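With CSV, C-alpha atoms inside, this is my_file.csv:
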chain,number,residue,atom,x,y,z
C,1,MET,CA,0.0,0.0,0.0
C,2,VAL,CA,2.8,2.4,0.9
C,3,ALA,CA,4.9,1.5,-2.1
C,4,LYS,CA,1.9,2.1,-4.4
C,5,PHE,CA,1.3,5.5,-2.9
C,6,LEU,CA,5.0,6.4,-3.2
C,7,THR,CA,5.3,5.3,-6.8
C,8,MET,CA,2.4,7.6,-7.7
C,9,ALA,CA,4.3,10.6,-6.6
C,10,ASP,CA,6.0,12.9,-9.1
C,11,GLN,CA,8.9,13.6,-6.8
C,12,LEU,CA,10.2,12.1,-3.6
C,13,LEU,CA,12.4,14.2,-1.2
C,14,TYR,CA,15.0,12.5,0.9
C,15,VAL,CA,17.1,14.0,3.7
C,16,GLY,CA,19.8,11.5,4.0
C,17,LEU,CA,21.1,8.4,2.3
C,18,ARG,CA,19.0,6.2,4.6
C,19,GLY,CA,15.9,8.0,3.3
C,20,ARG,CA,16.9,7.5,-0.3
C,21,ASP,CA,17.7,3.8,0.3
C,22,TYR,CA,14.3,3.4,2.0
C,23,TYR,CA,12.5,4.6,-1.2
C,24,VAL,CA,14.6,2.2,-3.3
C,25,TRP,CA,13.9,-0.7,-1.0
C,26,MET,CA,10.2,0.1,-0.7
C,27,CYS,CA,9.4,0.7,-4.4
C,28,GLY,CA,12.3,-0.6,-6.4
C,29,LYS,CA,15.1,1.3,-8.2
C,30,GLN,CA,13.3,1.6,-11.5
C,31,ALA,CA,10.1,2.9,-9.9
C,32,VAL,CA,11.9,5.8,-8.2
C,33,ASP,CA,14.5,6.7,-10.9
C,34,GLY,CA,14.3,10.4,-11.8
C,35,LYS,CA,11.9,11.1,-8.8
C,36,LEU,CA,14.4,11.3,-6.0
C,37,PHE,CA,15.5,14.8,-4.9
C,38,TRP,CA,18.0,15.5,-2.1
C,39,LEU,CA,16.9,18.0,0.5
C,40,PRO,CA,20.0,19.5,2.1
C,41,TYR,CA,20.4,19.3,5.8
C,42,PRO,CA,20.1,22.8,7.4
C,43,HIS,CA,22.4,21.5,10.2
C,44,GLU,CA,25.7,19.7,10.7
C,45,ALA,CA,24.6,16.2,9.8
C,46,ALA,CA,28.0,14.7,10.4
C,47,ARG,CA,27.8,15.6,14.1
C,48,PHE,CA,24.8,13.3,14.4
C,49,GLU,CA,25.9,10.6,12.1
C,50,LEU,CA,29.2,10.2,13.9
C,51,ALA,CA,28.0,10.5,17.5
C,52,THR,CA,28.3,7.4,19.6
C,53,ALA,CA,25.4,6.6,22.0
C,54,ALA,CA,26.1,5.7,25.6
C,55,GLU,CA,26.3,2.0,26.1
C,56,SER,CA,22.9,0.4,27.2
C,57,SER,CA,22.3,-2.8,29.0
C,58,PRO,CA,20.7,-5.7,27.1
C,59,ASP,CA,17.5,-5.4,29.2
C,60,ALA,CA,17.3,-1.6,28.5
C,61,LYS,CA,13.8,-0.3,28.0
C,62,PHE,CA,12.6,1.2,24.6
C,63,SER,CA,13.3,4.9,24.9
C,64,LEU,CA,11.1,7.6,23.5
C,65,LEU,CA,12.7,11.1,23.3
C,66,PHE,CA,11.1,14.5,23.1
C,67,LEU,CA,13.7,17.2,22.5
C,68,GLY,CA,12.6,20.8,22.2
C,69,ARG,CA,11.1,23.9,23.8
C,70,LEU,CA,8.5,23.1,26.4
C,71,ALA,CA,5.8,25.4,25.1
C,72,PRO,CA,2.0,24.8,24.4
C,73,GLU,CA,2.4,24.5,20.6
C,74,LYS,CA,5.0,21.7,21.0
C,75,GLY,CA,2.2,19.3,22.2
C,76,VAL,CA,4.1,17.7,25.1
C,77,GLU,CA,0.9,17.7,27.2
C,78,ASN,CA,-0.7,15.5,24.5
C,79,LEU,CA,2.4,13.3,24.5
C,80,LEU,CA,2.2,12.8,28.3
C,81,ARG,CA,-1.5,12.0,28.1
C,82,ALA,CA,-0.9,9.5,25.4
C,83,CYS,CA,1.9,7.8,27.4
C,84,ALA,CA,-0.4,7.7,30.4
C,85,ALA,CA,-3.0,5.8,28.3
C,86,LEU,CA,-0.5,3.1,27.3
C,87,PRO,CA,-1.3,-0.3,28.6
C,88,ASP,CA,0.9,-1.3,31.6
C,89,TRP,CA,3.0,-3.8,29.7
C,90,ALA,CA,3.9,-1.1,27.2
C,91,ARG,CA,4.7,1.5,29.8
C,92,ASN,CA,6.8,-1.1,31.8
C,93,ALA,CA,8.8,-1.8,28.6
C,94,SER,CA,9.5,1.8,27.7
C,95,THR,CA,10.5,5.2,29.1
C,96,LEU,CA,10.1,8.8,28.0
C,97,LEU,CA,12.9,11.3,28.2
C,98,VAL,CA,11.8,15.0,27.9
C,99,VAL,CA,14.8,17.2,27.1
C,100,GLY,CA,14.3,21.0,27.0
C,101,ASP,CA,13.0,23.9,28.9
C,102,GLY,CA,10.4,26.6,28.4
C,103,PRO,CA,7.4,28.3,29.9
C,104,CYS,CA,5.5,25.0,30.4
C,105,ALA,CA,8.3,23.0,32.1
C,106,LYS,CA,6.9,23.1,35.7
C,107,ALA,CA,3.3,22.5,34.6
C,108,LEU,CA,4.3,19.5,32.4
C,109,GLN,CA,6.3,18.0,35.3
C,110,ILE,CA,3.3,18.4,37.6
C,111,LEU,CA,1.0,16.9,34.9
C,112,ALA,CA,3.3,13.9,34.5
C,113,ARG,CA,3.1,13.2,38.3
C,114,GLN,CA,-0.7,13.6,38.3
C,115,LEU,CA,-0.9,11.1,35.4
C,116,GLY,CA,1.2,8.6,37.3
C,117,LEU,CA,4.2,9.0,35.0
C,118,GLY,CA,6.6,9.8,37.8
C,119,ASP,CA,9.1,6.9,37.1
C,120,TYR,CA,8.2,6.7,33.4
C,121,ALA,CA,8.8,10.3,32.2
C,122,ARG,CA,12.1,11.9,33.1
C,123,PHE,CA,12.6,15.6,32.6
C,124,VAL,CA,16.2,16.6,32.2
C,125,GLY,CA,16.0,20.3,31.3
C,126,ALA,CA,17.9,22.1,28.6
C,127,VAL,CA,21.1,20.5,27.2
C,128,SER,CA,23.8,22.1,25.1
C,129,SER,CA,23.8,21.5,21.3
C,130,GLU,CA,27.0,19.5,21.8
C,131,GLU,CA,25.1,17.0,23.9
C,132,THR,CA,22.2,16.6,21.4
C,133,PRO,CA,23.8,14.1,19.0
C,134,LYS,CA,24.6,11.7,21.8
C,135,ILE,CA,21.1,12.0,23.3
C,136,MET,CA,19.6,11.3,19.8
C,137,GLN,CA,21.8,8.3,19.3
C,138,ALA,CA,20.7,6.8,22.6
C,139,ALA,CA,17.0,7.1,21.8
C,140,ASP,CA,15.0,4.4,20.1
C,141,ALA,CA,12.4,6.8,18.8
C,142,VAL,CA,12.1,10.6,18.6
C,143,VAL,CA,8.6,11.9,19.2
C,144,VAL,CA,7.5,15.2,17.6
C,145,PRO,CA,4.0,15.9,18.9
C,146,SER,CA,3.9,19.5,17.7
C,147,LEU,CA,0.5,20.9,17.1
C,148,ASP,CA,1.4,23.5,14.4
C,149,GLU,CA,4.9,23.2,13.1
C,150,PRO,CA,5.8,22.8,9.4
C,151,TRP,CA,9.1,21.1,10.0
C,152,GLY,CA,11.2,21.3,13.1
C,153,LEU,CA,15.0,21.1,13.1
C,154,VAL,CA,14.7,18.2,15.5
C,155,VAL,CA,13.3,16.1,12.6
C,156,ASN,CA,16.5,16.7,10.5
C,157,GLU,CA,18.6,15.9,13.6
C,158,ALA,CA,16.7,12.6,14.2
C,159,LEU,CA,16.9,11.6,10.6
C,160,SER,CA,20.7,12.2,10.7
C,161,SER,CA,21.0,9.9,13.8
C,162,GLU,CA,21.0,6.2,13.8
C,163,SER,CA,20.8,4.2,17.0
C,164,GLN,CA,23.5,1.6,17.3
Rewrite the structure of this file - the entire thing - as C-alpha cells.
Amino acid sequence: MVAKFLTMADQLLYVGLRGRDYYVWMCGKQAVDGKLFWLPYPHEAARFELATAAESSPDAKFSLLFLGRLAPEKGVENLLRACAALPDWARNASTLLVVGDGPCAKALQILARQLGLGDYARFVGAVSSEETPKIMQAADAVVVPSLDEPWGLVVNEALSSESQ
C-alpha cells in the first residue's frame, strides 16, 4: 500500500542516504529513478551521524525522546496523556525522556506526576547543542507531537541519527 502511494508521486524528497535507500527498498530502483531529490540538511549532519550513543544494558527499555522547547504549541501535554494511556505492559517496557526547557516546564512535570508517570517520564531540562547528537543516538524513537509546526529542526537531527 505504501509502495503504491510512493510510486504515484511525481517527486520524492529525501534528507539522507538512509531516506533515499528506503524509497529504493520500498518501491524498487526503477520505480523511483528520476523522482528522487535530495533535501540539504540545514544543520551539521556529520555531528549526528558520527555520534556514539552511551552503552545500554541488554535489558534496557525502549526509549522515547522529546527534544525541544516546552511550550504549548509543542504538544508535550498530549504526549504525556498518550503515554499515560499506554497499557501497563507497554509502559513497563519503555521510558520517556523529555529534554528541553520553556514556559510549560513546571506545569508539564506536575501533569506527569498527576498522570502517574513519575518513574516513566524523566525531565532533564535544557542541554547544550554539543550533547544533542549523543542523546539522539541513545533514543530508540524521537517523538514530535507539535500541534502546528511545518518542519522542526529536530526532525532533521533525528533523521541524521542512527541508533547503534
> Which residues, written as an MDAnalysis selection string, have at least one atom at most 10 Å from Val98 of chain C, with all atoms listed in the file counted and residues fewer than 5 positions away on the same chain left out?
Replying inline: chainID C and resid 64:70 76 80 105 108:109 121:126 143
With C-alpha atoms retained, write the just-selected residues as an mmCIF file, keeping the file's coordinate frame.
data_model
loop_
_atom_site.group_PDB
_atom_site.id
_atom_site.type_symbol
_atom_site.label_atom_id
_atom_site.label_comp_id
_atom_site.auth_asym_id
_atom_site.auth_seq_id
_atom_site.Cartn_x
_atom_site.Cartn_y
_atom_site.Cartn_z
ATOM 1 C CA LEU C 64 11.100 7.600 23.500
ATOM 2 C CA LEU C 65 12.700 11.100 23.300
ATOM 3 C CA PHE C 66 11.100 14.500 23.100
ATOM 4 C CA LEU C 67 13.700 17.200 22.500
ATOM 5 C CA GLY C 68 12.600 20.800 22.200
ATOM 6 C CA ARG C 69 11.100 23.900 23.800
ATOM 7 C CA LEU C 70 8.500 23.100 26.400
ATOM 8 C CA VAL C 76 4.100 17.700 25.100
ATOM 9 C CA LEU C 80 2.200 12.800 28.300
ATOM 10 C CA ALA C 105 8.300 23.000 32.100
ATOM 11 C CA LEU C 108 4.300 19.500 32.400
ATOM 12 C CA GLN C 109 6.300 18.000 35.300
ATOM 13 C CA ALA C 121 8.800 10.300 32.200
ATOM 14 C CA ARG C 122 12.100 11.900 33.100
ATOM 15 C CA PHE C 123 12.600 15.600 32.600
ATOM 16 C CA VAL C 124 16.200 16.600 32.200
ATOM 17 C CA GLY C 125 16.000 20.300 31.300
ATOM 18 C CA ALA C 126 17.900 22.100 28.600
ATOM 19 C CA VAL C 143 8.600 11.900 19.200
#
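Relative to atom CA of Leu111 of chain C, atom CA of Asp88 of chain C is found at 18.5 Å.
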> In Å, with one decimal, what is the gap from atom CA of Trp38 of chain C to atom CA of Val15 of chain C?
Replying inline: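 So the two atoms, atom CA of Trp38 of chain C and atom CA of Val15 of chain C, lie 6.1 Å apart.
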>> Residues near Ala31 of chain C, anyone? I mean within 7 Å using only C-alpha atoms, not counting same-chain ones fewer than 3 positions away, as a PyMOL selection string.
In response: chain C and resi 7+27-28
>> Just the number, please: distance in Å from atom CA of Gly118 of chain C to atom CA of Ala139 of chain C, one decimal.
In response: 19.3 Å
>> At a cut-off of 12 Å, using all atoms listed in the file, what residues contact segment 11-14 of chain C? Leave out same-chain residues fewer than 5 positions from it and give the result as a list in words.
In response: Ala3, Phe5, Leu6, Gly19, Arg20, Asp21, Tyr22, Tyr23, Val24, Cys27, Ala31, Val32, Asp33, Gly34, Lys35, Leu36, Phe37, Trp38, Leu39, Pro40, Tyr41, Asn156, Leu159 and Ser160 of chain C
> Which residue out of C:Asn92, C:Ala9, C:Gly102, C:Thr132 has the minimum interatomic distance to Ala60 of chain C when only C-alpha atoms are used?
Replying inline: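 Answer, going by the shortest atom-to-atom distance: C:Asn92.
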>> Here is a test: counting only C-alpha atoms, which residue of C:Asp10, C:Glu130, C:Glu77, C:Glu157 is nearest to Leu115 of chain C?
In response: C:Glu77
> Hey, which of C:Pro103, C:Pro72, C:Ala90, C:Phe62 ends up closest to Ala138 of chain C? Count only C-alpha atoms.
Replying inline: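 Among C:Pro103, C:Pro72, C:Ala90, C:Phe62, it is C:Phe62 that comes nearest to Ala138 of chain C.
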>> I'd like to know which of C:Pro87, C:Gly75, C:Gly116, C:Pro133 is closest to Val154 of chain C, using all atoms listed in the file.
In response: C:Pro133
> With all atoms listed in the file as the atoms that count, which of C:Ala158, C:Ala84, C:Cys104, C:Leu147 lies nearest to Lys134 of chain C?
Replying inline: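 Under the stated criterion, the closest residue is C:Ala158.
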> So which one's closest to Ser128 of chain C, C:Met1, C:Val144, C:Val99, C:Ala107? Using all atoms listed in the file, please.
Replying inline: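 Nearest candidate to Ser128 of chain C out of C:Met1, C:Val144, C:Val99, C:Ala107: C:Val99.
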